Amino acid sequence: MSTFAVGDEDFLLDGRPVRLLSGALHYFRVHEGHWEHRLGMLRAMGLDCVETYVPWNLYEPGPGRYGDVAALGRFLDAVGRAGMRAIVRPGPYICAEWENGGLPHWLTGPLGRRVRTRDPEFLAAVESWFRRLLPQVVERQVDRGGPVVLVQVENEYGSYGSDLVYLEWLAGLLRECGVVVPLFTSDGPEDHMLTGGSVPGVLATANFGSGAREGFAALRRHRASGPLMCMEFWCGWFDHWGTEHAVRDAGDAAAALREVLECGASVNVYMAHGGTNFGGWAGANRDGELHDGPLRPTVTSYDYDAPVDEAGRPTEKFWRFREVLAEYAEGPLPEVPEPPARLAAPVRAAFEGWAPLDAVLEVLGDGEVVAAVPPTFEELGVDRGLVRYRVAVPGPRQPYPLGVTGLRDRAVVYVDGALAGVLDTGGGEDVALAEPVAGPAVVDLWVESLGRVNYGPRLAEPKGITGGVRHERQYLHGVRARGLRLDAFGAAAVGKVSFGEAGSGPGLLRGTLDVAGAGDAVLRLPGATRGFVWVNGFCLGRYWSAGPQEALFVPGPVLREGTNEVWVLELEGDAGTGVELDVL
């Protein structure tokens with residue numbers, strides 16, 4: 001069996017100096033049926049290692065209630081079969097433009113800013129999770145014949161905090177759980193980040209997208225020895241809803257990659273292949289230099305303008321990177337693998353049934369909670385989805401402005417069953433309808449979380465109505481709230497919904513696509529506004545006419561020959577004319 005160690009200047013594999021040429025590929029953003037192909041694409045680009053995060057909230061939806069934790073092990077086995085090494089970044093916080101930075105909502109709800117610190121309740125939850133997760137890593141370390149050569153302690157902690165007691169405790173827990181390969185931290189190449197995020201005795205690495213010489217010089221001010229590594233070489237960027245699509249010139253990115261390698265450093269290309277935020281797991285950021293401004297939710301696609309695009313195809317950036325990496329490879333690079341099967345021909349279908357949101361809530365929603373003030377999503381146990389808040393305006397009373405204090409994130413408002421407006425928090429979280437409301441009246445506010453913050457000081461903030469509903473200056477008390485969670489949309493549950501003829505407006509729509517020649521495809525909803533799509537029970541993610549994303553990627557393994565069922569949960573406007581499944 002092999003050993004992997006940190007030397008004074010190099011990584012050492014069985015005592016021999018090695019350079020890691022790694023690429024980020026988040027297995028949870030890629031359909032398992034595509035893992036082998038995507039790993040083959042990374043090999044063909046010239047990479048010999050793959051890096052992945054592990055999202056805690058995906059696998060522990062409730063305290064002590066676990067999902068498919070073994071998926072990480074299956075992916076690492078695939079990495080080993082591909083002849084590659086692996087870097088694992090288990091968190092507990094991962095950022096990754098992922099919902100809540102990977103932290104479970106049931107933990108951040110009650111703890112708030114106590115997460116990512118030495119707080120005993122947080123540490124107890126982390127220890128329980130790590131003892132469940134880490135056997136998947138420990139059993140696949142290089143000393144046991146597996147691919148794992150490095151494991152990260154936390155993630156970019158210096159961008160958030162300075163609790164070195166917490167970081168040292170976490171490093172100790174990793175060792176106690178059986179991690180014997182080198183540990184590392186990663187932070188921006190700035191003094192305050194490296195000061196706050198580095199751990200004595202643990203390798204420090206830096207994250208940047210350009211200026212390698214300056215970045216490594218900053219790292220050397222804090223660590224005089226040890227291998228140089230850019231753990232996140234940002235070769236592209238992600239998109240937010242309502243903004244322009246982010247693109248980085250391939251030649252510029254290739255030149256920056258070459259500079260990293262000319263410094264004698266190892267590298268992890270972030271992202272080598274981004275994948276997709278299936279299931280509504282996309283996170284959000286706060287705008288502004290200090291990341292405390294308006295919310296900017298991340299789109300469903302995590303293409304990242306990466307060298308291997310969302311559908312697994314090589315881009316111009318792939319070929320330019322391959323030219324650079326070939327100079328550092330041991331022998332000729334593998335041929336580019338054949339792409340997975342693609343949809344043979346476009347398919348169009350009209351919707352066949354429609355059920356209004358209230359009817360869907362009656363069947364799929366959680367039980368109603370009655371409280372003096374609006375409960376947050378966290379208090380209702382809702383991670384991804386929406387909540388209907390219902391409150392009465394007493395009467396008789398004259399028309400006054402009706403507003404919400406502390407809205408997160410977007411509310412479609414009805415007064416006595418009639419659409420009264422959409423409240424958006426782009427200009428702040430205290431918002432009001434354009435037209436005043438008289439009493440008596442019943443007000444429904446359908447509030448959707450557009451993604452929990454994954455980076456910066458606003459991490460762990462609650463969702464929903466976090467203040468109250470006001471009529472003039474008066475708070476309206478006695479609120480009825482019901483959650484509609486995305487996880488409730490299973491085949492058996494949706495089968496209990498009573499669908500009428502296809503209607504218009506917010507609600508759940510159903511249709512079928514007859515496919516001959518199944519394979520990777522894209523799905524469009526012409527005229528639709530905002531909501532979520534499922535194909536054969538698999539949630540493709542959020543769509544939104546705000547752009548820049550205009551179509552959703554459909555992995556070929558999700559489709560089947562013949563009849564495919566599609567559900568569309570439209571939340572704001574009309575669901576459009578039907579479903580279009582197009583060839584890539």
# chains A, B, ... in the order shown; residues from 1 in each chain; ligands from 1

$ closest_atom_pairs --of "range 113-157 of chain A" --to "range 196-215 of chain A" --cutoff "10 Å" --atoms "only C-alpha atoms" --output "Markdown table"
| residue | atom | partner | partner_atom | distance |
| --- | --- | --- | --- | --- |
| A:Leu150 | CA | A:Leu203 | CA | 10.0 |
| A:Gln152 | CA | A:Leu203 | CA | 9.3 |
| A:Val153 | CA | A:Val202 | CA | 8.6 |
| A:Glu154 | CA | A:Gly197 | CA | 8.8 |
| A:Asn155 | CA | A:Gly197 | CA | 8.3 |
| A:Glu156 | CA | A:Gly197 | CA | 6.5 |
| A:Tyr157 | CA | A:Gly197 | CA | 4.7 |

$ closest_atom_pairs --of "range 35-78 of chain A" --to "range 281-294 of chain A" --cutoff "12 Å" --atoms "only C-alpha atoms" --output "tab-separated table"
residue	atom	partner	partner_atom	distance
A:Pro55	CA	A:Trp281	CA	10.0
A:Trp56	CA	A:Trp281	CA	12.0
A:Asn57	CA	A:Trp281	CA	9.6
A:Leu58	CA	A:Trp281	CA	8.5

$ write_last_selection --atoms "C-alpha atoms" --output "PDB file, in the first residue's frame"
ATOM      1  CA  PRO A  55     -22.979  18.416   1.508  1.00  0.00           C
ATOM      2  CA  TRP A  56     -24.125  17.556   5.034  1.00  0.00           C
ATOM      3  CA  ASN A  57     -27.699  18.806   4.523  1.00  0.00           C
ATOM      4  CA  LEU A  58     -28.229  16.508   1.530  1.00  0.00           C
TER       5      LEU A  58
END

$ residues_around --residues "Thr3 in chain A" --least-positions-apart "6" --cutoff "9 Å" --atoms "only C-alpha atoms" --output "PyMOL selection string"
chain A and resi 12-15+142-143+149+181

$ write_last_selection --atoms "N, CA, C and O atoms" --output "compact mmCIF listing (two decimals), in the first residue's frame"
# COMPACT_ATOMS: atom_id res chain seq x y z
N LEU A 12 4.65 13.99 -1.18
CA LEU A 12 5.49 12.81 -1.32
C LEU A 12 4.60 11.57 -1.39
O LEU A 12 3.87 11.27 -0.44
N LEU A 13 4.65 10.87 -2.51
CA LEU A 13 3.97 9.60 -2.68
C LEU A 13 5.00 8.49 -2.59
O LEU A 13 5.89 8.40 -3.44
N ASP A 14 4.92 7.71 -1.51
CA ASP A 14 5.93 6.68 -1.24
C ASP A 14 7.33 7.29 -1.25
O ASP A 14 8.29 6.70 -1.77
N GLY A 15 7.43 8.52 -0.71
CA GLY A 15 8.71 9.20 -0.62
C GLY A 15 9.16 9.91 -1.88
O GLY A 15 10.20 10.57 -1.88
N VAL A 142 -5.32 6.26 0.68
CA VAL A 142 -4.27 5.69 -0.15
C VAL A 142 -3.51 4.59 0.57
O VAL A 142 -3.05 3.61 -0.04
N ASP A 143 -3.39 4.69 1.91
CA ASP A 143 -2.67 3.66 2.66
C ASP A 143 -3.44 2.34 2.70
O ASP A 143 -2.88 1.31 3.07
N VAL A 149 -6.04 11.09 -0.96
CA VAL A 149 -4.71 11.53 -0.56
C VAL A 149 -4.72 12.77 0.34
O VAL A 149 -3.73 13.03 1.03
N VAL A 181 -4.27 10.49 6.11
CA VAL A 181 -3.64 11.26 5.03
C VAL A 181 -3.50 12.71 5.47
O VAL A 181 -4.13 13.14 6.44

$ closest_residue --among "A:Glu472, A:Glu330, A:Glu335, A:Asp309" --to "Arg397 in chain A" --atoms "only C-alpha atoms"
A:Glu472

$ atom_distance --atom1 "CA of Leu295 in chain A" --atom2 "CA of Arg480 in chain A"
26.1 Å

$ residues_around --residues "Pro555 in chain A" --least-positions-apart "4" --cutoff "7 Å" --atoms "only C-alpha atoms" --output "ChimeraX atom specification"
/A:31,520-521

$ write_last_selection --atoms "all heavy atoms" --output "mmCIF file, in the first residue's frame"
data_model
loop_
_atom_site.group_PDB
_atom_site.id
_atom_site.type_symbol
_atom_site.label_atom_id
_atom_site.label_comp_id
_atom_site.auth_asym_id
_atom_site.auth_seq_id
_atom_site.Cartn_x
_atom_site.Cartn_y
_atom_site.Cartn_z
ATOM 1 N N HIS A 31 -25.417 13.235 -12.221
ATOM 2 C CA HIS A 31 -26.151 11.971 -12.115
ATOM 3 C C HIS A 31 -25.158 10.820 -12.035
ATOM 4 O O HIS A 31 -24.153 10.784 -12.762
ATOM 5 C CB HIS A 31 -27.078 11.798 -13.319
ATOM 6 C CG HIS A 31 -28.072 10.698 -13.148
ATOM 7 N ND1 HIS A 31 -27.740 9.369 -13.276
ATOM 8 C CD2 HIS A 31 -29.399 10.727 -12.843
ATOM 9 C CE1 HIS A 31 -28.809 8.629 -13.080
ATOM 10 N NE2 HIS A 31 -29.825 9.434 -12.800
ATOM 11 N N ASP A 520 -29.328 12.440 -23.016
ATOM 12 C CA ASP A 520 -29.205 13.780 -22.446
ATOM 13 C C ASP A 520 -29.976 14.792 -23.294
ATOM 14 O O ASP A 520 -29.942 14.742 -24.526
ATOM 15 C CB ASP A 520 -27.740 14.201 -22.384
ATOM 16 C CG ASP A 520 -26.934 13.370 -21.397
ATOM 17 O OD1 ASP A 520 -27.535 12.615 -20.621
ATOM 18 O OD2 ASP A 520 -25.689 13.495 -21.409
ATOM 19 N N ALA A 521 -30.641 15.731 -22.625
ATOM 20 C CA ALA A 521 -31.483 16.696 -23.323
ATOM 21 C C ALA A 521 -31.572 17.966 -22.495
ATOM 22 O O ALA A 521 -31.009 18.061 -21.400
ATOM 23 C CB ALA A 521 -32.873 16.102 -23.563
#

$ closest_residue --among "A:Tyr400, A:Tyr455, A:Tyr59, A:Tyr302" --to "Ile94 in chain A" --atoms "only C-alpha atoms"
A:Tyr455

$ residues_around --residues "Val535 in chain A" --least-positions-apart "2" --cutoff "10 Å" --atoms "only C-alpha atoms" --output "JSON list (two decimals) with all heavy atoms, in the first residue's frame"
[["chain", "number", "residue", "atom", "x", "y", "z"],
["A", 511, "GLY", "N", -47.97, 16.59, -17.39],
["A", 511, "GLY", "CA", -47.96, 16.28, -18.81],
["A", 511, "GLY", "C", -47.13, 15.04, -19.05],
["A", 511, "GLY", "O", -46.48, 14.51, -18.14],
["A", 512, "THR", "N", -47.15, 14.54, -20.27],
["A", 512, "THR", "CA", -46.34, 13.38, -20.63],
["A", 512, "THR", "C", -45.56, 13.67, -21.91],
["A", 512, "THR", "O", -46.04, 14.38, -22.80],
["A", 512, "THR", "CB", -47.20, 12.12, -20.84],
["A", 512, "THR", "OG1", -48.19, 12.39, -21.83],
["A", 512, "THR", "CG2", -47.87, 11.70, -19.54],
["A", 513, "LEU", "N", -44.36, 13.12, -21.94],
["A", 513, "LEU", "CA", -43.49, 13.24, -23.11],
["A", 513, "LEU", "C", -43.22, 11.84, -23.65],
["A", 513, "LEU", "O", -42.73, 10.97, -22.91],
["A", 513, "LEU", "CB", -42.17, 13.91, -22.73],
["A", 513, "LEU", "CG", -42.23, 15.38, -22.32],
["A", 513, "LEU", "CD1", -40.93, 15.79, -21.64],
["A", 513, "LEU", "CD2", -42.50, 16.27, -23.52],
["A", 523, "LEU", "N", -34.68, 20.88, -21.24],
["A", 523, "LEU", "CA", -36.13, 21.08, -21.13],
["A", 523, "LEU", "C", -36.43, 22.56, -21.05],
["A", 523, "LEU", "O", -35.78, 23.30, -20.31],
["A", 523, "LEU", "CB", -36.65, 20.35, -19.90],
["A", 523, "LEU", "CG", -38.17, 20.37, -19.66],
["A", 523, "LEU", "CD1", -38.64, 19.04, -19.06],
["A", 523, "LEU", "CD2", -38.55, 21.52, -18.71],
["A", 533, "VAL", "N", -39.46, 21.80, -11.74],
["A", 533, "VAL", "CA", -39.83, 20.78, -12.71],
["A", 533, "VAL", "C", -39.31, 19.42, -12.25],
["A", 533, "VAL", "O", -38.17, 19.32, -11.80],
["A", 533, "VAL", "CB", -39.26, 21.08, -14.12],
["A", 533, "VAL", "CG1", -39.77, 20.07, -15.13],
["A", 533, "VAL", "CG2", -39.60, 22.49, -14.56],
["A", 537, "GLY", "N", -40.31, 11.89, -11.64],
["A", 537, "GLY", "CA", -40.08, 12.02, -10.21],
["A", 537, "GLY", "C", -38.74, 12.61, -9.82],
["A", 537, "GLY", "O", -38.48, 12.84, -8.63],
["A", 538, "PHE", "N", -37.86, 12.89, -10.80],
["A", 538, "PHE", "CA", -36.55, 13.47, -10.54],
["A", 538, "PHE", "C", -36.64, 14.99, -10.68],
["A", 538, "PHE", "O", -37.03, 15.50, -11.74],
["A", 538, "PHE", "CB", -35.53, 12.90, -11.53],
["A", 538, "PHE", "CG", -34.12, 13.39, -11.34],
["A", 538, "PHE", "CD1", -33.26, 12.72, -10.49],
["A", 538, "PHE", "CD2", -33.65, 14.51, -12.02],
["A", 538, "PHE", "CE1", -31.94, 13.16, -10.32],
["A", 538, "PHE", "CE2", -32.35, 14.96, -11.85],
["A", 538, "PHE", "CZ", -31.50, 14.28, -11.00],
["A", 539, "CYS", "N", -36.28, 15.72, -9.62],
["A", 539, "CYS", "CA", -36.41, 17.18, -9.66],
["A", 539, "CYS", "C", -35.22, 17.80, -10.38],
["A", 539, "CYS", "O", -34.08, 17.74, -9.89],
["A", 539, "CYS", "CB", -36.51, 17.74, -8.24],
["A", 539, "CYS", "SG", -36.81, 19.52, -8.21],
["A", 540, "LEU", "N", -35.50, 18.41, -11.53],
["A", 540, "LEU", "CA", -34.44, 19.06, -12.31],
["A", 540, "LEU", "C", -33.98, 20.36, -11.66],
["A", 540, "LEU", "O", -32.85, 20.80, -11.90],
["A", 540, "LEU", "CB", -34.94, 19.37, -13.72],
["A", 540, "LEU", "CG", -35.38, 18.19, -14.58],
["A", 540, "LEU", "CD1", -35.84, 18.69, -15.94],
["A", 540, "LEU", "CD2", -34.27, 17.16, -14.72],
["A", 554, "VAL", "N", -31.37, 17.89, -18.64],
["A", 554, "VAL", "CA", -32.04, 16.63, -18.29],
["A", 554, "VAL", "C", -31.03, 15.49, -18.51],
["A", 554, "VAL", "O", -30.69, 15.19, -19.66],
["A", 554, "VAL", "CB", -33.30, 16.38, -19.14],
["A", 554, "VAL", "CG1", -34.01, 15.11, -18.69],
["A", 554, "VAL", "CG2", -34.23, 17.58, -19.09],
["A", 558, "VAL", "N", -32.32, 9.82, -16.58],
["A", 558, "VAL", "CA", -33.62, 10.14, -16.00],
["A", 558, "VAL", "C", -34.76, 9.80, -16.96],
["A", 558, "VAL", "O", -35.88, 9.46, -16.53],
["A", 558, "VAL", "CB", -33.67, 11.65, -15.63],
["A", 558, "VAL", "CG1", -35.07, 12.10, -15.27],
["A", 558, "VAL", "CG2", -32.70, 11.93, -14.48],
["A", 559, "LEU", "N", -34.48, 9.89, -18.26],
["A", 559, "LEU", "CA", -35.51, 9.61, -19.27],
["A", 559, "LEU", "C", -35.61, 8.12, -19.54],
["A", 559, "LEU", "O", -34.68, 7.36, -19.29],
["A", 559, "LEU", "CB", -35.18, 10.35, -20.57],
["A", 559, "LEU", "CG", -35.22, 11.88, -20.51],
["A", 559, "LEU", "CD1", -34.69, 12.46, -21.81],
["A", 559, "LEU", "CD2", -36.64, 12.37, -20.25],
["A", 564, "ASN", "N", -42.93, 9.47, -20.54],
["A", 564, "ASN", "CA", -42.23, 10.11, -19.42],
["A", 564, "ASN", "C", -43.17, 11.14, -18.80],
["A", 564, "ASN", "O", -43.73, 11.98, -19.51],
["A", 564, "ASN", "CB", -40.95, 10.80, -19.89],
["A", 564, "ASN", "CG", -39.92, 9.83, -20.41],
["A", 564, "ASN", "OD1", -38.98, 9.47, -19.71],
["A", 564, "ASN", "ND2", -40.08, 9.37, -21.66],
["A", 565, "GLU", "N", -43.30, 11.09, -17.48],
["A", 565, "GLU", "CA", -44.22, 12.02, -16.80],
["A", 565, "GLU", "C", -43.47, 13.27, -16.35],
["A", 565, "GLU", "O", -42.37, 13.18, -15.80],
["A", 565, "GLU", "CB", -44.87, 11.34, -15.60],
["A", 565, "GLU", "CG", -45.96, 12.20, -14.96],
["A", 565, "GLU", "CD", -46.86, 11.44, -14.02],
["A", 565, "GLU", "OE1", -46.47, 10.33, -13.60],
["A", 565, "GLU", "OE2", -47.95, 11.95, -13.70],
["A", 566, "VAL", "N", -44.09, 14.42, -16.56],
["A", 566, "VAL", "CA", -43.51, 15.71, -16.18],
["A", 566, "VAL", "C", -44.47, 16.43, -15.25],
["A", 566, "VAL", "O", -45.68, 16.49, -15.52],
["A", 566, "VAL", "CB", -43.25, 16.59, -17.43],
["A", 566, "VAL", "CG1", -42.67, 17.94, -17.01],
["A", 566, "VAL", "CG2", -42.32, 15.89, -18.40],
["A", 567, "TRP", "N", -43.95, 16.94, -14.14],
["A", 567, "TRP", "CA", -44.71, 17.81, -13.25],
["A", 567, "TRP", "C", -44.05, 19.18, -13.24],
["A", 567, "TRP", "O", -42.84, 19.30, -13.17],
["A", 567, "TRP", "CB", -44.72, 17.30, -11.81],
["A", 567, "TRP", "CG", -45.08, 15.86, -11.64],
["A", 567, "TRP", "CD1", -45.97, 15.12, -12.38],
["A", 567, "TRP", "CD2", -44.53, 14.97, -10.66],
["A", 567, "TRP", "NE1", -46.02, 13.83, -11.92],
["A", 567, "TRP", "CE2", -45.15, 13.70, -10.87],
["A", 567, "TRP", "CE3", -43.61, 15.09, -9.63],
["A", 567, "TRP", "CZ2", -44.85, 12.59, -10.06],
["A", 567, "TRP", "CZ3", -43.31, 14.00, -8.84],
["A", 567, "TRP", "CH2", -43.92, 12.77, -9.05],
["A", 568, "VAL", "N", -44.86, 20.21, -13.29],
["A", 568, "VAL", "CA", -44.38, 21.59, -13.23],
["A", 568, "VAL", "C", -45.12, 22.30, -12.11],
["A", 568, "VAL", "O", -46.35, 22.39, -12.14],
["A", 568, "VAL", "CB", -44.60, 22.33, -14.57],
["A", 568, "VAL", "CG1", -44.17, 23.80, -14.43],
["A", 568, "VAL", "CG2", -43.82, 21.66, -15.69]]

$ residues_around --residues "range 102-107 of chain A" --least-positions-apart "3" --cutoff "9 Å" --atoms "only C-alpha atoms" --output "MDAnalysis selection string"
chainID A and resid 54:58 60:63 91:96 98:99 110:112 115 122 125 377:379 381:383 452 454 460 462

$ write_last_selection --atoms "N, CA and C atoms" --output "CSV table (one decimal), in the first residue's frame"
chain,number,residue,atom,x,y,z
A,54,VAL,N,-18.6,17.5,0.3
A,54,VAL,CA,-19.7,16.6,0.7
A,54,VAL,C,-20.7,17.5,1.4
A,55,PRO,N,-22.0,17.5,0.9
A,55,PRO,CA,-23.0,18.4,1.5
A,55,PRO,C,-23.7,17.7,2.6
A,56,TRP,N,-23.5,18.2,3.9
A,56,TRP,CA,-24.1,17.6,5.0
A,56,TRP,C,-25.6,17.6,4.9
A,57,ASN,N,-26.2,18.7,4.5
A,57,ASN,CA,-27.7,18.8,4.5
A,57,ASN,C,-28.4,17.9,3.5
A,58,LEU,N,-27.7,17.4,2.5
A,58,LEU,CA,-28.2,16.5,1.5
A,58,LEU,C,-28.4,15.1,2.2
A,60,GLU,N,-28.4,14.4,5.8
A,60,GLU,CA,-29.1,14.4,7.1
A,60,GLU,C,-30.2,15.4,7.1
A,61,PRO,N,-31.3,15.1,6.5
A,61,PRO,CA,-32.4,16.1,6.4
A,61,PRO,C,-33.1,16.4,7.7
A,62,GLY,N,-32.9,15.5,8.7
A,62,GLY,CA,-33.4,15.7,10.1
A,62,GLY,C,-32.4,15.1,11.0
A,63,PRO,N,-32.4,15.5,12.3
A,63,PRO,CA,-31.4,15.0,13.2
A,63,PRO,C,-31.4,13.5,13.3
A,91,GLY,N,-16.3,19.4,4.9
A,91,GLY,CA,-16.9,20.4,5.7
A,91,GLY,C,-16.5,20.4,7.1
A,92,PRO,N,-17.5,20.7,8.0
A,92,PRO,CA,-19.0,20.6,7.8
A,92,PRO,C,-19.6,21.6,6.9
A,93,TYR,N,-18.9,22.8,6.9
A,93,TYR,CA,-19.4,23.9,6.0
A,93,TYR,C,-18.6,23.7,4.6
A,94,ILE,N,-19.3,23.9,3.5
A,94,ILE,CA,-18.6,23.7,2.2
A,94,ILE,C,-18.7,25.0,1.3
A,95,CYS,N,-19.6,25.9,1.6
A,95,CYS,CA,-19.9,27.0,0.6
A,95,CYS,C,-20.5,26.4,-0.7
A,96,ALA,N,-19.6,26.3,-1.7
A,96,ALA,CA,-20.0,25.6,-3.0
A,96,ALA,C,-21.2,26.1,-3.7
A,98,TRP,N,-24.0,26.2,-2.6
A,98,TRP,CA,-25.0,25.2,-2.2
A,98,TRP,C,-25.8,25.7,-1.1
A,99,GLU,N,-27.1,25.3,-1.0
A,99,GLU,CA,-28.0,25.7,0.0
A,99,GLU,C,-27.4,25.7,1.4
A,110,PRO,N,-31.9,26.9,15.1
A,110,PRO,CA,-31.8,27.2,16.5
A,110,PRO,C,-30.5,27.8,16.9
A,111,LEU,N,-29.4,27.5,16.2
A,111,LEU,CA,-28.1,28.0,16.6
A,111,LEU,C,-27.7,29.3,16.0
A,112,GLY,N,-28.2,29.6,14.8
A,112,GLY,CA,-27.8,30.9,14.2
A,112,GLY,C,-26.3,31.1,14.1
A,115,VAL,N,-23.1,28.6,14.8
A,115,VAL,CA,-22.5,27.5,13.9
A,115,VAL,C,-21.1,28.0,13.5
A,122,PHE,N,-23.1,22.8,18.5
A,122,PHE,CA,-22.7,22.7,17.1
A,122,PHE,C,-21.7,21.5,17.0
A,125,ALA,N,-23.2,18.1,17.1
A,125,ALA,CA,-23.9,17.7,15.8
A,125,ALA,C,-22.8,17.3,14.8
A,377,PHE,N,-39.2,29.4,8.2
A,377,PHE,CA,-39.1,28.1,7.6
A,377,PHE,C,-38.5,27.1,8.5
A,378,GLU,N,-37.4,27.6,9.2
A,378,GLU,CA,-36.7,26.7,10.1
A,378,GLU,C,-37.6,26.2,11.2
A,379,GLU,N,-38.5,27.1,11.8
A,379,GLU,CA,-39.4,26.7,12.8
A,379,GLU,C,-40.5,25.7,12.3
A,381,GLY,N,-39.8,23.5,9.9
A,381,GLY,CA,-39.1,22.3,9.4
A,381,GLY,C,-39.0,22.3,7.9
A,382,VAL,N,-39.1,23.4,7.2
A,382,VAL,CA,-39.1,23.5,5.7
A,382,VAL,C,-37.6,23.9,5.3
A,383,ASP,N,-37.0,23.0,4.5
A,383,ASP,CA,-35.7,23.4,4.0
A,383,ASP,C,-35.8,24.0,2.6
A,452,ARG,N,-30.8,29.4,0.6
A,452,ARG,CA,-30.1,30.0,1.8
A,452,ARG,C,-28.7,30.5,1.5
A,454,ASN,N,-24.9,31.0,1.3
A,454,ASN,CA,-23.9,30.0,1.4
A,454,ASN,C,-22.5,30.6,1.7
A,460,ALA,N,-26.5,31.3,7.8
A,460,ALA,CA,-27.4,30.8,8.9
A,460,ALA,C,-28.6,31.7,9.2
A,462,PRO,N,-32.4,32.9,9.0
A,462,PRO,CA,-33.6,32.2,8.7
A,462,PRO,C,-34.3,32.6,7.4

$ residues_around --residues "Glu327 in chain A" --least-positions-apart "6" --cutoff "12 Å" --atoms "only C-alpha atoms" --output "list in words"
Leu21, Met45, Gly46, Leu47, Arg258, Leu261, Glu262, Arg320, Phe321 and Leu333 of chain A
